[in-house]
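Engineer: Pasting a structure here, questions to come.
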Amino acid sequence: MYLVLLGPPGGGKGTQAKRLQETHGLVQLSTGDMLRAAVASGSDVGRRAKAVMDAGQLVSDEIVIAIIDERLDQPDVAKGAIFDGFPRTVAQAEALDAMLARKGKKLDLAIEVRVPDEFIVERITGRYTCAKCGAGYHDTFQKPKVDGICDSCGGTEFVRRPDDRVETVTKRLETYHAQTAPLLPYYEGKGTLKVVDGTREIVEVTRALEDILGGIG
Ligand code: AMP
């Protein structure tokens with residue numbers, strides 16, 4: 001099954017993709033994670049992407065499409081994947097349809113995790129991850145069981161994304177509405193769009209997503 005999670009930055013796509021990855025064995029493909037890895041490695045793509053990401057804008061379609069195209073050739077995604085943060089433009093959505101079609105596959109579903117803008121600033125500015133294993137936490141909504149210690153690996157160092165600062169969040173939301181929200185009518189027109197209410201508790205959103213996935217087998 002190939003599934004796209006849509007929704008604003010900080011709306012919970014990554015959190016939900018990780019949970020579905022564990023329960024459904026679907027590999028999470030996050031272009032944001034891949035780009036951050038490229039930045040950390042100091043590669044050519046990473047150097048070009050960093051300034052754009054820090055400004056809350058979109059990396060070029062050409063770069064992210066190439067990253068996904070290469071990733072889709074790997075055997076672990078032959079049976080399915082959850083796209084998280086990709087596509088972000090109509091051109092990327094068209095490219096994804098074409099890449100899957102070339103492999104004799106198709107996108108089964110696009111699910112919007114709907115979260116109004118007024119929820120986003122608190123969600124984004126409160127989030128952080130374990131520096132060692134990448135497990136995600138939040139100052140208010142998802143604290144580690146023991147303060148300062150990662151539940152997953154016992155790590156004690158945590159990091160915040162540079163683009164999660166309040167100044168950048170507004171720009172990222174603007175970018176979302178201008179460039180990514182047009183994907184909603186794109187998928188609606190294809191009859192593949194479903195919507196879940198992303199303002200609810202994490203476990204309730206997962207349940208709503210699982211109901212939809214169960215429905216398509
Ligand atoms: P994310 O982790 O999904 O919030 O992505 C972080 C940043 O990476 C975004 O604000 C963009 O600058 C860049 N990015 C991630 N995915 C894409 C994409 N599909 N197209 C363009 N830029 C992207």
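Residues are named by chain letter and number: chains run A, B, ... in the order of the structure tokens, numbers start at 1 in each chain, and ligands are numbered from 1 in the order shown.
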Counting only C-alpha atoms and all ligand atoms, give me one row per residue of chain A with an atom at most 8 Å from an atom of ligand 1, showing the shortest contact pair and its distance in Å to one decimal, sorted by chain then residue number, as a tab-separated table.

Structural biologist:
residue	atom	partner	partner_atom_place_in_ligand_line	distance
A:Pro9	CA	ligand 1	4 (O)	5.3
A:Gly10	CA	ligand 1	4 (O)	7.1
A:Gly14	CA	ligand 1	3 (O)	7.8
A:Ser30	CA	ligand 1	3 (O)	6.4
A:Thr31	CA	ligand 1	16 (N)	4.3
A:Gly32	CA	ligand 1	2 (O)	3.5
A:Asp33	CA	ligand 1	2 (O)	5.8
A:Leu35	CA	ligand 1	8 (O)	6.2
A:Arg36	CA	ligand 1	8 (O)	7.3
A:Ala49	CA	ligand 1	12 (O)	7.3
A:Lys50	CA	ligand 1	12 (O)	7.9
A:Val52	CA	ligand 1	12 (O)	5.7
A:Met53	CA	ligand 1	12 (O)	3.5
A:Asp54	CA	ligand 1	12 (O)	7.0
A:Ala55	CA	ligand 1	12 (O)	7.5
A:Gly56	CA	ligand 1	10 (O)	4.9
A:Gln57	CA	ligand 1	12 (O)	4.8
A:Leu58	CA	ligand 1	22 (N)	3.8
A:Val59	CA	ligand 1	22 (N)	3.9
A:Ser60	CA	ligand 1	21 (C)	5.8
A:Asp61	CA	ligand 1	20 (N)	6.0
A:Val64	CA	ligand 1	20 (N)	5.7
A:Ile65	CA	ligand 1	19 (N)	7.8
A:Asp84	CA	ligand 1	3 (O)	6.7
A:Gly85	CA	ligand 1	3 (O)	4.2
A:Phe86	CA	ligand 1	19 (N)	3.9
A:Pro87	CA	ligand 1	19 (N)	4.8
A:Arg88	CA	ligand 1	19 (N)	4.7
A:Thr89	CA	ligand 1	20 (N)	7.0
A:Gln92	CA	ligand 1	19 (N)	7.2
A:Asp163	CA	ligand 1	10 (O)	7.3
A:Arg172	CA	ligand 1	10 (O)	6.1

Engineer: Go ahead and dump the residues you just picked, C-alpha atoms, as a JSON list (two decimals), in the first residue's frame.

Structural biologist:
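Saved result, selection.json, follows:
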[["chain", "number", "residue", "atom", "x", "y", "z"],
["A", 9, "PRO", "CA", 3.97, 21.43, 9.23],
["A", 10, "GLY", "CA", 3.70, 20.37, 12.86],
["A", 14, "GLY", "CA", 5.66, 12.40, 11.14],
["A", 30, "SER", "CA", 10.07, 11.64, 4.99],
["A", 31, "THR", "CA", 11.74, 14.04, 2.56],
["A", 32, "GLY", "CA", 12.33, 16.40, 5.51],
["A", 33, "ASP", "CA", 14.33, 13.66, 7.31],
["A", 35, "LEU", "CA", 17.07, 16.49, 3.52],
["A", 36, "ARG", "CA", 18.19, 16.94, 7.14],
["A", 49, "ALA", "CA", 18.95, 22.80, 0.78],
["A", 50, "LYS", "CA", 20.00, 24.23, 4.14],
["A", 52, "VAL", "CA", 16.01, 27.24, 1.89],
["A", 53, "MET", "CA", 14.89, 25.02, 4.78],
["A", 54, "ASP", "CA", 16.02, 27.50, 7.43],
["A", 55, "ALA", "CA", 13.96, 30.18, 5.65],
["A", 56, "GLY", "CA", 10.82, 28.00, 5.76],
["A", 57, "GLN", "CA", 10.64, 27.68, 1.98],
["A", 58, "LEU", "CA", 10.54, 24.65, -0.27],
["A", 59, "VAL", "CA", 13.55, 22.90, -1.70],
["A", 60, "SER", "CA", 13.28, 22.60, -5.50],
["A", 61, "ASP", "CA", 10.96, 19.99, -6.98],
["A", 64, "VAL", "CA", 13.17, 16.16, -3.84],
["A", 65, "ILE", "CA", 11.79, 14.22, -6.81],
["A", 84, "ASP", "CA", 5.42, 12.08, 4.89],
["A", 85, "GLY", "CA", 6.09, 15.64, 3.72],
["A", 86, "PHE", "CA", 6.12, 14.58, 0.08],
["A", 87, "PRO", "CA", 4.60, 15.62, -2.26],
["A", 88, "ARG", "CA", 4.44, 19.29, -1.34],
["A", 89, "THR", "CA", 3.57, 20.74, -4.75],
["A", 92, "GLN", "CA", 5.73, 16.63, -7.09],
["A", 163, "ASP", "CA", 13.36, 25.71, 11.42],
["A", 172, "ARG", "CA", 6.28, 27.55, 6.73]]

Engineer: Extract, using only C-alpha atoms, all DNA, RNA and protein residues at most 10 Å from Val115 in chain A, discarding same-chain residues fewer than 3 positions from it, and format them as an MDAnalysis selection string.

Structural biologist: chainID A and resid 7:12 112 118:120 196:200

Engineer: Excluding Cys150 in chain A and its own-chain neighbours fewer than 3 positions away, which residues fall within 12 Å of it when counting only C-alpha atoms? Please give them as a compact mmCIF listing (two decimals) with all heavy atoms, in the first residue's frame.

Structural biologist:
# COMPACT_ATOMS: atom_id res chain seq x y z
N TYR A 128 10.78 18.32 20.11
CA TYR A 128 12.22 18.05 20.12
C TYR A 128 12.42 16.55 19.96
O TYR A 128 11.46 15.77 20.09
CB TYR A 128 12.88 18.57 21.40
CG TYR A 128 12.34 17.99 22.70
CD1 TYR A 128 12.99 16.93 23.31
CD2 TYR A 128 11.20 18.51 23.32
CE1 TYR A 128 12.51 16.40 24.51
CE2 TYR A 128 10.72 17.99 24.50
CZ TYR A 128 11.38 16.93 25.11
OH TYR A 128 10.91 16.39 26.28
N THR A 129 13.65 16.15 19.62
CA THR A 129 13.92 14.72 19.41
C THR A 129 15.16 14.29 20.17
O THR A 129 16.02 15.10 20.50
CB THR A 129 14.15 14.39 17.91
OG1 THR A 129 15.15 15.28 17.42
CG2 THR A 129 12.91 14.54 17.08
N CYS A 130 15.23 13.00 20.42
CA CYS A 130 16.42 12.42 21.05
C CYS A 130 17.57 12.52 20.06
O CYS A 130 17.42 12.13 18.89
CB CYS A 130 16.14 10.95 21.39
SG CYS A 130 17.63 10.08 21.91
N ALA A 131 18.71 13.05 20.51
CA ALA A 131 19.85 13.24 19.61
C ALA A 131 20.43 11.90 19.16
O ALA A 131 21.04 11.81 18.10
CB ALA A 131 20.93 14.07 20.30
N LYS A 132 20.21 10.86 19.97
CA LYS A 132 20.83 9.56 19.66
C LYS A 132 19.95 8.73 18.71
O LYS A 132 20.43 8.24 17.70
CB LYS A 132 21.05 8.81 20.97
CG LYS A 132 22.06 7.70 20.88
CD LYS A 132 22.53 7.33 22.29
CE LYS A 132 22.67 5.83 22.45
NZ LYS A 132 22.57 5.44 23.86
N CYS A 133 18.64 8.59 19.03
CA CYS A 133 17.82 7.66 18.23
C CYS A 133 16.74 8.37 17.42
O CYS A 133 16.06 7.73 16.62
CB CYS A 133 17.19 6.59 19.11
SG CYS A 133 15.81 7.19 20.09
N GLY A 134 16.55 9.66 17.63
CA GLY A 134 15.58 10.40 16.82
C GLY A 134 14.14 10.30 17.31
O GLY A 134 13.23 10.84 16.66
N ALA A 135 13.89 9.63 18.44
CA ALA A 135 12.51 9.55 18.95
C ALA A 135 11.98 10.96 19.22
O ALA A 135 12.70 11.82 19.71
CB ALA A 135 12.47 8.72 20.23
N GLY A 136 10.70 11.17 18.87
CA GLY A 136 10.14 12.52 18.97
C GLY A 136 9.41 12.76 20.29
O GLY A 136 8.72 11.87 20.78
N TYR A 137 9.56 13.98 20.81
CA TYR A 137 8.87 14.37 22.06
C TYR A 137 8.29 15.76 21.91
O TYR A 137 8.56 16.47 20.94
CB TYR A 137 9.86 14.33 23.24
CG TYR A 137 10.37 12.94 23.50
CD1 TYR A 137 11.61 12.53 23.01
CD2 TYR A 137 9.60 12.03 24.20
CE1 TYR A 137 12.07 11.24 23.21
CE2 TYR A 137 10.04 10.72 24.40
CZ TYR A 137 11.28 10.35 23.91
OH TYR A 137 11.70 9.07 24.10
N HIS A 138 7.50 16.16 22.92
CA HIS A 138 6.92 17.50 22.92
C HIS A 138 6.84 18.00 24.36
O HIS A 138 6.51 17.23 25.27
CB HIS A 138 5.53 17.45 22.29
CG HIS A 138 4.98 18.81 22.00
ND1 HIS A 138 4.42 19.62 22.97
CD2 HIS A 138 4.93 19.53 20.85
CE1 HIS A 138 4.05 20.75 22.42
NE2 HIS A 138 4.35 20.73 21.14
N GLN A 142 3.86 15.26 24.65
CA GLN A 142 4.49 13.94 24.58
C GLN A 142 5.83 13.99 25.31
O GLN A 142 6.89 13.96 24.70
CB GLN A 142 4.70 13.55 23.10
CG GLN A 142 4.72 12.07 22.87
CD GLN A 142 5.04 11.75 21.41
OE1 GLN A 142 5.20 12.63 20.55
NE2 GLN A 142 5.15 10.47 21.10
N LYS A 143 5.74 14.04 26.66
CA LYS A 143 6.99 14.12 27.43
C LYS A 143 7.56 12.72 27.60
O LYS A 143 6.80 11.75 27.64
CB LYS A 143 6.69 14.70 28.81
CG LYS A 143 6.14 16.11 28.77
CD LYS A 143 5.92 16.60 30.18
CE LYS A 143 5.28 17.97 30.15
NZ LYS A 143 4.95 18.51 31.44
N PRO A 144 8.89 12.60 27.77
CA PRO A 144 9.44 11.28 28.09
C PRO A 144 8.89 10.82 29.45
O PRO A 144 8.53 11.67 30.28
CB PRO A 144 10.95 11.52 28.18
CG PRO A 144 11.20 12.92 27.77
CD PRO A 144 9.91 13.66 27.73
N LYS A 145 8.85 9.51 29.67
CA LYS A 145 8.31 9.00 30.95
C LYS A 145 9.12 9.51 32.12
O LYS A 145 8.59 9.90 33.16
CB LYS A 145 8.29 7.47 30.95
CG LYS A 145 7.27 6.90 29.97
CD LYS A 145 7.05 5.41 30.21
CE LYS A 145 6.15 4.82 29.14
NZ LYS A 145 6.86 4.46 27.90
N VAL A 146 10.45 9.50 31.95
CA VAL A 146 11.34 10.07 32.98
C VAL A 146 11.96 11.32 32.38
O VAL A 146 12.57 11.26 31.30
CB VAL A 146 12.45 9.08 33.40
CG1 VAL A 146 13.35 9.69 34.47
CG2 VAL A 146 11.85 7.76 33.84
N ASP A 147 11.78 12.43 33.09
CA ASP A 147 12.25 13.71 32.58
C ASP A 147 13.72 13.64 32.14
O ASP A 147 14.57 13.17 32.90
CB ASP A 147 12.09 14.74 33.73
CG ASP A 147 12.02 16.13 33.17
OD1 ASP A 147 11.64 16.27 31.99
OD2 ASP A 147 12.37 17.08 33.90
N CYS A 153 15.74 4.86 23.93
CA CYS A 153 17.14 4.38 23.96
C CYS A 153 17.90 4.81 25.22
O CYS A 153 19.08 4.49 25.36
CB CYS A 153 17.88 4.90 22.72
SG CYS A 153 18.30 6.64 22.81
N GLY A 154 17.24 5.56 26.11
CA GLY A 154 17.94 5.98 27.33
C GLY A 154 18.84 7.18 27.12
O GLY A 154 19.52 7.62 28.06
N GLY A 155 18.87 7.72 25.92
CA GLY A 155 19.71 8.89 25.63
C GLY A 155 19.31 10.09 26.51
O GLY A 155 18.16 10.20 26.95
N THR A 156 20.25 10.97 26.74
CA THR A 156 19.97 12.12 27.61
C THR A 156 20.18 13.46 26.89
O THR A 156 20.11 14.51 27.50
CB THR A 156 20.87 12.09 28.87
OG1 THR A 156 22.22 11.98 28.43
CG2 THR A 156 20.52 10.92 29.77
N GLU A 157 20.50 13.37 25.58
CA GLU A 157 20.65 14.63 24.84
C GLU A 157 19.53 14.76 23.84
O GLU A 157 19.16 13.79 23.17
CB GLU A 157 21.98 14.62 24.09
CG GLU A 157 23.12 14.99 25.01
CD GLU A 157 24.37 15.28 24.24
OE1 GLU A 157 24.26 15.90 23.16
OE2 GLU A 157 25.43 14.87 24.71
N PHE A 158 19.01 15.96 23.74
CA PHE A 158 17.86 16.20 22.86
C PHE A 158 18.16 17.38 21.97
O PHE A 158 18.95 18.25 22.35
CB PHE A 158 16.61 16.45 23.71
CG PHE A 158 16.24 15.26 24.56
CD1 PHE A 158 16.76 15.11 25.84
CD2 PHE A 158 15.41 14.27 24.06
CE1 PHE A 158 16.45 14.00 26.61
CE2 PHE A 158 15.09 13.15 24.82
CZ PHE A 158 15.61 13.03 26.09
N VAL A 159 17.53 17.39 20.78
CA VAL A 159 17.78 18.50 19.86
C VAL A 159 16.47 19.07 19.33
O VAL A 159 15.46 18.36 19.25
CB VAL A 159 18.65 18.07 18.64
CG1 VAL A 159 20.09 17.88 19.03
CG2 VAL A 159 18.10 16.81 17.98

Engineer: For His24 in chain A, which of A:Ala51, A:Leu3, A:Leu173, A:Val203 is the closest residue, counting only C-alpha atoms?

Structural biologist: A:Leu3

Engineer: Would you mind writing down, as a ChimeraX atom specification, each residue of range 4-204 of chain A that DSSP on the backbone assigns to strand (DSSP E)?

Structural biologist: /A:4-6,27-30,81-84,109-114,127-130,136-138,158-159,193-197

Engineer: Can you write just those residues out, N, CA, C and O atoms, as a compact mmCIF listing (two decimals), in the first residue's frame?

Structural biologist:
# COMPACT_ATOMS: atom_id res chain seq x y z
N VAL A 4 -0.08 8.69 1.08
CA VAL A 4 0.48 10.02 1.32
C VAL A 4 -0.20 10.62 2.53
O VAL A 4 -1.43 10.59 2.63
N LEU A 5 0.58 11.15 3.48
CA LEU A 5 -0.01 11.93 4.58
C LEU A 5 0.19 13.40 4.25
O LEU A 5 1.31 13.86 4.03
N LEU A 6 -0.92 14.12 4.21
CA LEU A 6 -0.88 15.55 3.92
C LEU A 6 -1.26 16.34 5.17
O LEU A 6 -1.93 15.80 6.05
N VAL A 27 6.97 1.49 5.35
CA VAL A 27 8.16 2.30 5.57
C VAL A 27 7.81 3.79 5.45
O VAL A 27 7.17 4.20 4.48
N GLN A 28 8.26 4.57 6.44
CA GLN A 28 8.03 6.01 6.39
C GLN A 28 9.07 6.67 5.49
O GLN A 28 10.27 6.49 5.70
N LEU A 29 8.61 7.40 4.50
CA LEU A 29 9.54 8.14 3.64
C LEU A 29 9.33 9.63 3.86
O LEU A 29 8.38 10.22 3.34
N SER A 30 10.19 10.23 4.67
CA SER A 30 10.07 11.64 4.99
C SER A 30 11.16 12.41 4.24
O SER A 30 12.35 12.24 4.51
N ALA A 81 4.73 2.15 1.17
CA ALA A 81 5.40 3.21 1.91
C ALA A 81 4.38 4.27 2.32
O ALA A 81 3.32 4.39 1.70
N ILE A 82 4.76 5.00 3.36
CA ILE A 82 3.97 6.18 3.74
C ILE A 82 4.81 7.40 3.41
O ILE A 82 5.90 7.57 3.96
N PHE A 83 4.33 8.22 2.52
CA PHE A 83 5.04 9.45 2.17
C PHE A 83 4.64 10.53 3.18
O PHE A 83 3.45 10.83 3.35
N ASP A 84 5.66 11.09 3.83
CA ASP A 84 5.42 12.08 4.89
C ASP A 84 6.18 13.35 4.50
O ASP A 84 7.40 13.35 4.49
N LEU A 109 -3.94 5.93 -1.42
CA LEU A 109 -4.68 6.89 -0.61
C LEU A 109 -3.86 8.13 -0.31
O LEU A 109 -2.65 8.05 -0.17
N ALA A 110 -4.56 9.26 -0.19
CA ALA A 110 -3.94 10.46 0.38
C ALA A 110 -4.82 10.84 1.57
O ALA A 110 -6.03 10.97 1.42
N ILE A 111 -4.20 10.97 2.73
CA ILE A 111 -5.00 11.32 3.91
C ILE A 111 -4.54 12.66 4.45
O ILE A 111 -3.35 12.85 4.75
N GLU A 112 -5.47 13.59 4.56
CA GLU A 112 -5.15 14.89 5.16
C GLU A 112 -5.31 14.79 6.67
O GLU A 112 -6.38 14.42 7.16
N VAL A 113 -4.25 15.10 7.39
CA VAL A 113 -4.33 15.21 8.85
C VAL A 113 -4.62 16.70 9.09
O VAL A 113 -3.73 17.54 9.03
N ARG A 114 -5.90 17.00 9.28
CA ARG A 114 -6.32 18.41 9.26
C ARG A 114 -6.13 19.08 10.63
O ARG A 114 -6.66 18.61 11.64
N ARG A 127 8.32 20.99 20.09
CA ARG A 127 8.79 19.64 19.80
C ARG A 127 10.31 19.51 19.79
O ARG A 127 11.03 20.46 19.51
N TYR A 128 10.78 18.32 20.11
CA TYR A 128 12.22 18.05 20.12
C TYR A 128 12.42 16.55 19.96
O TYR A 128 11.46 15.77 20.09
N THR A 129 13.65 16.15 19.62
CA THR A 129 13.92 14.72 19.41
C THR A 129 15.16 14.29 20.17
O THR A 129 16.02 15.10 20.50
N CYS A 130 15.23 13.00 20.42
CA CYS A 130 16.42 12.42 21.05
C CYS A 130 17.57 12.52 20.06
O CYS A 130 17.42 12.13 18.89
N GLY A 136 10.70 11.17 18.87
CA GLY A 136 10.14 12.52 18.97
C GLY A 136 9.41 12.76 20.29
O GLY A 136 8.72 11.87 20.78
N TYR A 137 9.56 13.98 20.81
CA TYR A 137 8.87 14.37 22.06
C TYR A 137 8.29 15.76 21.91
O TYR A 137 8.56 16.47 20.94
N HIS A 138 7.50 16.16 22.92
CA HIS A 138 6.92 17.50 22.92
C HIS A 138 6.84 18.00 24.36
O HIS A 138 6.51 17.23 25.27
N PHE A 158 19.01 15.96 23.74
CA PHE A 158 17.86 16.20 22.86
C PHE A 158 18.16 17.38 21.97
O PHE A 158 18.95 18.25 22.35
N VAL A 159 17.53 17.39 20.78
CA VAL A 159 17.78 18.50 19.86
C VAL A 159 16.47 19.07 19.33
O VAL A 159 15.46 18.36 19.25
N LEU A 193 -8.73 11.05 -1.74
CA LEU A 193 -8.52 11.86 -0.53
C LEU A 193 -9.46 11.47 0.61
O LEU A 193 -10.66 11.33 0.43
N LYS A 194 -8.88 11.29 1.81
CA LYS A 194 -9.66 11.12 3.04
C LYS A 194 -9.14 12.17 4.02
O LYS A 194 -8.01 12.65 3.89
N VAL A 195 -9.95 12.49 5.04
CA VAL A 195 -9.55 13.51 6.01
C VAL A 195 -9.70 12.96 7.42
O VAL A 195 -10.70 12.30 7.72
N VAL A 196 -8.71 13.20 8.27
CA VAL A 196 -8.89 12.91 9.70
C VAL A 196 -8.67 14.21 10.48
O VAL A 196 -7.95 15.10 10.03
N ASP A 197 -9.31 14.29 11.64
CA ASP A 197 -9.18 15.46 12.50
C ASP A 197 -7.88 15.32 13.29
O ASP A 197 -7.78 14.50 14.21

Engineer: Given only C-alpha atoms as the basis, pick out the residue of A:Ile202, A:Leu100, A:Ile212, A:Ala93 nearest to Tyr186 in chain A.

Structural biologist: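 Looking at the shortest contact to Tyr186 in chain A, the residue is A:Ala93.
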
Engineer: With distances taken over only C-alpha atoms, which of A:Leu26, A:Ala208, A:Val121, A:Ala66 is nearest to Arg165 in chain A?

Structural biologist: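 Ranked by minimum distance to Arg165 in chain A, first place goes to A:Val121.
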
Engineer: Among range 57-209 of chain A, which ones does DSSP assign to helix (DSSP H, G or I) (computed from the backbone)? Answer as a PyMOL selection string.

Structural biologist: chain A and resi 61-71+75-77+90-102+117-125+162-164+166-180+183-190+202-209

Engineer: Measure the distance from CA of Ala98 in chain A to CA of Glu174 in chain A in Å and round it to one decimal.

Structural biologist: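 CA of Glu174 in chain A lies at a distance of 27.7 Å from CA of Ala98 in chain A.
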
Engineer: Between CA of Gly148 in chain A and CA of Glu201 in chain A, what distance in Å does the model show, to one decimal?

Structural biologist: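 These two atoms are separated by 22.5 Å.
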